[in-house]
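Containing PDB, C-alpha atoms, pLDDT in the B column: entry33.pdb.
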ATOM      1  CA  MET O  24      96.611 126.326 105.140  1.00 57.00           C
ATOM      2  CA  ILE O  25      94.900 123.327 103.500  1.00 63.00           C
ATOM      3  CA  ARG O  26      97.558 123.237 100.790  1.00 60.00           C
ATOM      4  CA  THR O  27     100.303 123.087 103.438  1.00 54.00           C
ATOM      5  CA  LEU O  28      98.565 120.219 105.241  1.00 45.00           C
ATOM      6  CA  THR O  29      98.120 118.364 101.945  1.00 53.00           C
ATOM      7  CA  THR O  30     101.821 118.785 101.161  1.00 46.00           C
ATOM      8  CA  ILE O  31     102.839 117.531 104.599  1.00 46.00           C
ATOM      9  CA  LEU O  32     100.489 114.541 104.325  1.00 45.00           C
ATOM     10  CA  ALA O  33     101.743 113.671 100.827  1.00 44.00           C
ATOM     11  CA  GLY O  34     105.351 113.875 102.044  1.00 41.00           C
ATOM     12  CA  ALA O  35     104.594 111.597 105.005  1.00 39.00           C
ATOM     13  CA  VAL O  36     102.929 109.012 102.749  1.00 41.00           C
ATOM     14  CA  CYS O  37     105.927 109.056 100.379  1.00 38.00           C
ATOM     15  CA  MET O  38     108.336 108.546 103.267  1.00 35.00           C
ATOM     16  CA  MET O  39     106.281 105.609 104.576  1.00 38.00           C
ATOM     17  CA  LEU O  40     106.155 103.960 101.158  1.00 38.00           C
ATOM     18  CA  ALA O  41     109.871 104.452 100.590  1.00 37.00           C
ATOM     19  CA  GLY O  42     110.556 102.272 103.628  1.00 39.00           C
ATOM     20  CA  CYS O  43     108.333  99.407 102.449  1.00 48.00           C
ATOM     21  CA  GLY O  44     109.652  95.932 101.972  1.00 60.00           C
ATOM     22  CA  ALA O  45     112.846  94.233 102.971  1.00 72.00           C
ATOM     23  CA  PRO O  46     116.265  95.665 102.125  1.00 76.00           C
ATOM     24  CA  GLY O  47     118.537  93.604  99.908  1.00 83.00           C
ATOM     25  CA  GLU O  48     119.211  92.729  96.308  1.00 89.00           C
ATOM     26  CA  PRO O  49     116.174  92.290  94.021  1.00 92.00           C
ATOM     27  CA  TYR O  50     115.128  88.743  93.152  1.00 93.00           C
ATOM     28  CA  GLN O  51     117.394  86.927  90.719  1.00 92.00           C
ATOM     29  CA  PRO O  52     116.769  83.246  90.010  1.00 92.00           C
ATOM     30  CA  MET O  53     119.778  81.066  90.639  1.00 93.00           C
ATOM     31  CA  ALA O  54     120.966  78.190  88.490  1.00 94.00           C
ATOM     32  CA  THR O  55     119.587  74.912  89.764  1.00 93.00           C
ATOM     33  CA  PRO O  56     122.274  72.257  90.254  1.00 94.00           C
ATOM     34  CA  ALA O  57     121.485  69.032  88.372  1.00 94.00           C
ATOM     35  CA  SER O  58     121.957  66.883  91.497  1.00 95.00           C
ATOM     36  CA  ARG O  59     120.094  69.122  93.998  1.00 96.00           C
ATOM     37  CA  SER O  60     116.950  71.244  94.200  1.00 96.00           C
ATOM     38  CA  VAL O  61     116.459  74.943  94.929  1.00 96.00           C
ATOM     39  CA  ILE O  62     113.728  76.000  97.326  1.00 96.00           C
ATOM     40  CA  TYR O  63     112.713  79.655  97.346  1.00 97.00           C
ATOM     41  CA  LEU O  64     111.038  80.819 100.536  1.00 97.00           C
ATOM     42  CA  TYR O  65     109.434  84.220 100.042  1.00 97.00           C
ATOM     43  CA  ARG O  66     107.186  86.574 101.975  1.00 94.00           C
ATOM     44  CA  PRO O  67     105.312  89.129  99.868  1.00 94.00           C
ATOM     45  CA  TYR O  68     104.977  92.626 101.291  1.00 90.00           C
ATOM     46  CA  GLU O  69     101.538  93.562 102.600  1.00 79.00           C
ATOM     47  CA  PHE O  70     100.833  97.172 103.552  1.00 72.00           C
ATOM     48  CA  LEU O  71      98.997  96.264 106.759  1.00 65.00           C
ATOM     49  CA  GLY O  72     100.807  92.953 107.311  1.00 65.00           C
ATOM     50  CA  SER O  73     102.456  91.735 110.486  1.00 70.00           C
ATOM     51  CA  GLU O  74     105.874  93.072 111.445  1.00 80.00           C
ATOM     52  CA  ALA O  75     106.763  89.745 113.092  1.00 83.00           C
ATOM     53  CA  THR O  76     109.717  87.837 111.626  1.00 87.00           C
ATOM     54  CA  PRO O  77     109.265  84.221 112.708  1.00 88.00           C
ATOM     55  CA  MET O  78     112.123  81.759 112.357  1.00 92.00           C
ATOM     56  CA  ILE O  79     111.429  79.353 109.467  1.00 93.00           C
ATOM     57  CA  THR O  80     113.375  76.120 109.116  1.00 93.00           C
ATOM     58  CA  CYS O  81     113.389  74.555 105.680  1.00 93.00           C
ATOM     59  CA  GLY O  82     115.472  71.449 105.195  1.00 90.00           C
ATOM     60  CA  HIS O  83     118.738  72.022 107.056  1.00 89.00           C
ATOM     61  CA  GLU O  84     118.670  75.835 107.251  1.00 93.00           C
ATOM     62  CA  SER O  85     116.704  78.420 109.218  1.00 93.00           C
ATOM     63  CA  ILE O  86     115.982  82.055 108.409  1.00 94.00           C
ATOM     64  CA  GLU O  87     113.886  85.019 109.516  1.00 93.00           C
ATOM     65  CA  LEU O  88     112.281  86.845 106.591  1.00 91.00           C
ATOM     66  CA  ALA O  89     111.041  90.411 106.728  1.00 91.00           C
ATOM     67  CA  ALA O  90     107.978  91.290 104.661  1.00 93.00           C
ATOM     68  CA  GLY O  91     109.071  91.649 101.040  1.00 94.00           C
ATOM     69  CA  GLY O  92     112.005  89.244 101.418  1.00 95.00           C
ATOM     70  CA  TYR O  93     113.078  85.905  99.991  1.00 96.00           C
ATOM     71  CA  TYR O  94     115.812  83.352 100.513  1.00 96.00           C
ATOM     72  CA  ALA O  95     116.979  80.397  98.380  1.00 95.00           C
ATOM     73  CA  PHE O  96     117.802  77.057 100.017  1.00 93.00           C
ATOM     74  CA  VAL O  97     119.762  74.406  98.110  1.00 94.00           C
ATOM     75  CA  GLU O  98     118.755  70.934  99.266  1.00 95.00           C
ATOM     76  CA  ASP O  99     119.407  67.310  98.363  1.00 94.00           C
ATOM     77  CA  SER O 100     116.680  65.269  96.698  1.00 94.00           C
ATOM     78  CA  GLY O 101     114.125  63.637  98.940  1.00 96.00           C
ATOM     79  CA  PRO O 102     111.668  64.661 101.608  1.00 97.00           C
ATOM     80  CA  VAL O 103     111.889  68.281 102.769  1.00 96.00           C
ATOM     81  CA  THR O 104     110.114  69.746 105.770  1.00 95.00           C
ATOM     82  CA  CYS O 105     109.568  73.465 106.287  1.00 95.00           C
ATOM     83  CA  ALA O 106     108.097  74.837 109.522  1.00 95.00           C
ATOM     84  CA  ALA O 107     107.900  77.931 111.686  1.00 92.00           C
ATOM     85  CA  ALA O 108     109.568  77.666 115.088  1.00 89.00           C
ATOM     86  CA  THR O 109     106.753  79.631 116.739  1.00 79.00           C
ATOM     87  CA  ASP O 110     103.824  77.807 115.143  1.00 76.00           C
ATOM     88  CA  THR O 111     104.044  74.004 115.021  1.00 72.00           C
ATOM     89  CA  LYS O 112     100.854  73.753 112.908  1.00 80.00           C
ATOM     90  CA  THR O 113     102.659  75.273 109.921  1.00 83.00           C
ATOM     91  CA  GLU O 114     104.642  72.218 108.931  1.00 92.00           C
ATOM     92  CA  LEU O 115     104.849  71.718 105.159  1.00 95.00           C
ATOM     93  CA  LYS O 116     106.288  68.483 103.750  1.00 96.00           C
ATOM     94  CA  PHE O 117     107.058  67.655 100.123  1.00 97.00           C
ATOM     95  CA  ASP O 118     109.459  65.560  98.038  1.00 97.00           C
ATOM     96  CA  ALA O 119     112.160  67.611  96.323  1.00 96.00           C
ATOM     97  CA  ARG O 120     113.521  66.270  93.047  1.00 97.00           C
ATOM     98  CA  ALA O 121     116.991  66.912  91.690  1.00 96.00           C
ATOM     99  CA  GLY O 122     117.219  69.731  89.155  1.00 96.00           C
ATOM    100  CA  GLU O 123     113.880  71.320  90.133  1.00 97.00           C
ATOM    101  CA  GLN O 124     112.840  74.581  91.791  1.00 97.00           C
ATOM    102  CA  TYR O 125     110.168  74.977  94.465  1.00 97.00           C
ATOM    103  CA  PHE O 126     108.492  78.140  95.732  1.00 98.00           C
ATOM    104  CA  ILE O 127     107.110  78.409  99.262  1.00 97.00           C
ATOM    105  CA  ARG O 128     105.061  81.444 100.192  1.00 97.00           C
ATOM    106  CA  GLU O 129     105.161  82.575 103.818  1.00 95.00           C
ATOM    107  CA  ASP O 130     102.151  84.491 105.109  1.00 93.00           C
ATOM    108  CA  VAL O 131     102.257  85.996 108.611  1.00 90.00           C
ATOM    109  CA  GLU O 132      98.985  87.180 110.104  1.00 85.00           C
ATOM    110  CA  PRO O 133      98.682  89.054 113.399  1.00 78.00           C
ATOM    111  CA  VAL O 134      96.652  87.110 115.986  1.00 77.00           C
ATOM    112  CA  GLY O 135      96.105  88.723 119.375  1.00 74.00           C
ATOM    113  CA  LEU O 136      99.529  89.445 120.855  1.00 72.00           C
ATOM    114  CA  GLY O 137     101.299  87.014 118.528  1.00 72.00           C
ATOM    115  CA  SER O 138     101.141  85.910 114.928  1.00 79.00           C
ATOM    116  CA  HIS O 139     100.102  82.925 112.820  1.00 86.00           C
ATOM    117  CA  VAL O 140     102.352  81.618 110.040  1.00 90.00           C
ATOM    118  CA  GLN O 141     101.118  79.803 106.954  1.00 92.00           C
ATOM    119  CA  LEU O 142     103.463  78.137 104.449  1.00 95.00           C
ATOM    120  CA  SER O 143     102.137  77.252 100.987  1.00 96.00           C
ATOM    121  CA  LEU O 144     103.834  75.361  98.162  1.00 97.00           C
ATOM    122  CA  MET O 145     103.089  77.568  95.157  1.00 97.00           C
ATOM    123  CA  ASN O 146     102.746  77.032  91.427  1.00 96.00           C
ATOM    124  CA  ALA O 147     105.953  78.291  89.758  1.00 93.00           C
ATOM    125  CA  ALA O 148     104.091  80.648  87.385  1.00 93.00           C
ATOM    126  CA  VAL O 149     102.177  82.369  90.204  1.00 95.00           C
ATOM    127  CA  ALA O 150     105.180  82.465  92.527  1.00 96.00           C
ATOM    128  CA  GLY O 151     107.416  83.814  89.752  1.00 93.00           C
ATOM    129  CA  ASP O 152     105.267  86.938  89.533  1.00 93.00           C
ATOM    130  CA  GLU O 153     105.023  87.384  93.322  1.00 95.00           C
ATOM    131  CA  ILE O 154     108.691  86.833  94.147  1.00 96.00           C
ATOM    132  CA  LYS O 155     109.813  89.486  91.615  1.00 95.00           C
ATOM    133  CA  GLU O 156     108.732  92.109  94.165  1.00 93.00           C
ATOM    134  CA  CYS O 157     110.934  90.598  96.901  1.00 95.00           C
ATOM    135  CA  ASN O 158     114.526  91.283  97.921  1.00 94.00           C
ATOM    136  CA  ARG O 159     117.107  88.720  99.037  1.00 94.00           C
ATOM    137  CA  GLN O 160     117.462  88.386 102.797  1.00 89.00           C
ATOM    138  CA  GLY O 161     120.456  87.184 104.692  1.00 75.00           C
ATOM    139  CA  ILE O 162     119.269  86.880 108.285  1.00 52.00           C
ATOM    140  CA  LYS O 163     120.200  83.204 108.259  1.00 50.00           C
ATOM    141  CA  GLN O 164     120.703  81.468 111.622  1.00 48.00           C
TER     142      GLN O 164
END
Hey, can you dump this file as C-alpha cells for me?
Amino acid sequence: MIRTLTTILAGAVCMMLAGCGAPGEPYQPMATPASRSVIYLYRPYEFLGSEATPMITCGHESIELAAGGYYAFVEDSGPVTCAAATDTKTELKFDARAGEQYFIREDVEPVGLGSHVQLSLMNAAVAGDEIKECNRQGIKQ
C-alpha cells in the first residue's frame, strides 16, 4: 500500500516538473548588429513563482513573458525605457549603445490579489548563466 502511494506521488511530481517553464526554443544568443543594440528580457523560472504574465514594454515593443521565458528586442542606440503596464513603479531607463547586448531580468512576485514586477539590468556574466535555462517566447503584442 505504501509502495503504491509512493509510486503515485513520484509520478505526480514528475508530471508537474515536466510542465515547468515556458515552451519555446532554448536560448540562443543572436548576432548583435553593429549599428543597433540587442536587449534580452528574461524571466527565470521559480517553482513557487507567480503565474501572472504582465505586459512589459521595452523600447518600441511589448511582450508578455511566462516564467522561464525570454525575448530579444533590437533597438536603436540611445535612451531605452522598459516598464510593466500593470506596475508603473517598475520603470527602468538606460542608454543603449550600438553593437552591445543588455540583459534585463524580470521578477514577478505575488502580492495580495495581484502581482509586483521588478526589472533589473543585469551583469552579462550573471545573466548569461540565468538565461540559458529560458526558452524563447513569442507572445509579442
For the file shown, report as a PyMOL selection string the outcome of the PyMOL selection byres ((chain O and resi 77) around 6) at residue level.
chain O and resi 76+78+87
Could you tell me, as a list of chain:residue names, exactly which residues end up selected when the PyMOL selection byres ((chain O and resi 137) around 12) is applied to this structure?
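This file gives the following for the PyMOL selection byres ((chain O and resi 137) around 12): O:Ser73, O:Glu74, O:Ala75, O:Thr76, O:Pro77, O:Thr109, O:Asp110, O:Val131, O:Glu132, O:Pro133, O:Val134, O:Gly135, O:Leu136, O:Ser138, O:His139, O:Val140.
What separates atom CA of O:Tyr93 from atom CA of O:Leu115 is a distance of 17.2 Å.
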Would you please work out which residue, of O:Gln124, O:Thr80, O:Gln160, O:Ser143, is nearest to O:Tyr63 when using only C-alpha atoms?
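Checking each of O:Gln124, O:Thr80, O:Gln160, O:Ser143 against O:Tyr63, counting only C-alpha atoms, the winner is O:Gln124.
Taking all atoms listed in the file into account, O:Ala45 lies nearest to O:Ala89 out of the set O:Ala89, O:Ala106, O:Ile62, O:Met145.
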For O:Asp118, list every protein, DNA or RNA residue within 10 Å, evaluated using all atoms listed in the file, and leave out those in the same chain fewer than 2 positions away; present the list as a list in words.
Ser100, Gly101, Pro102, Val103, Thr104, Lys116, Arg120 and Ala121 of chain O
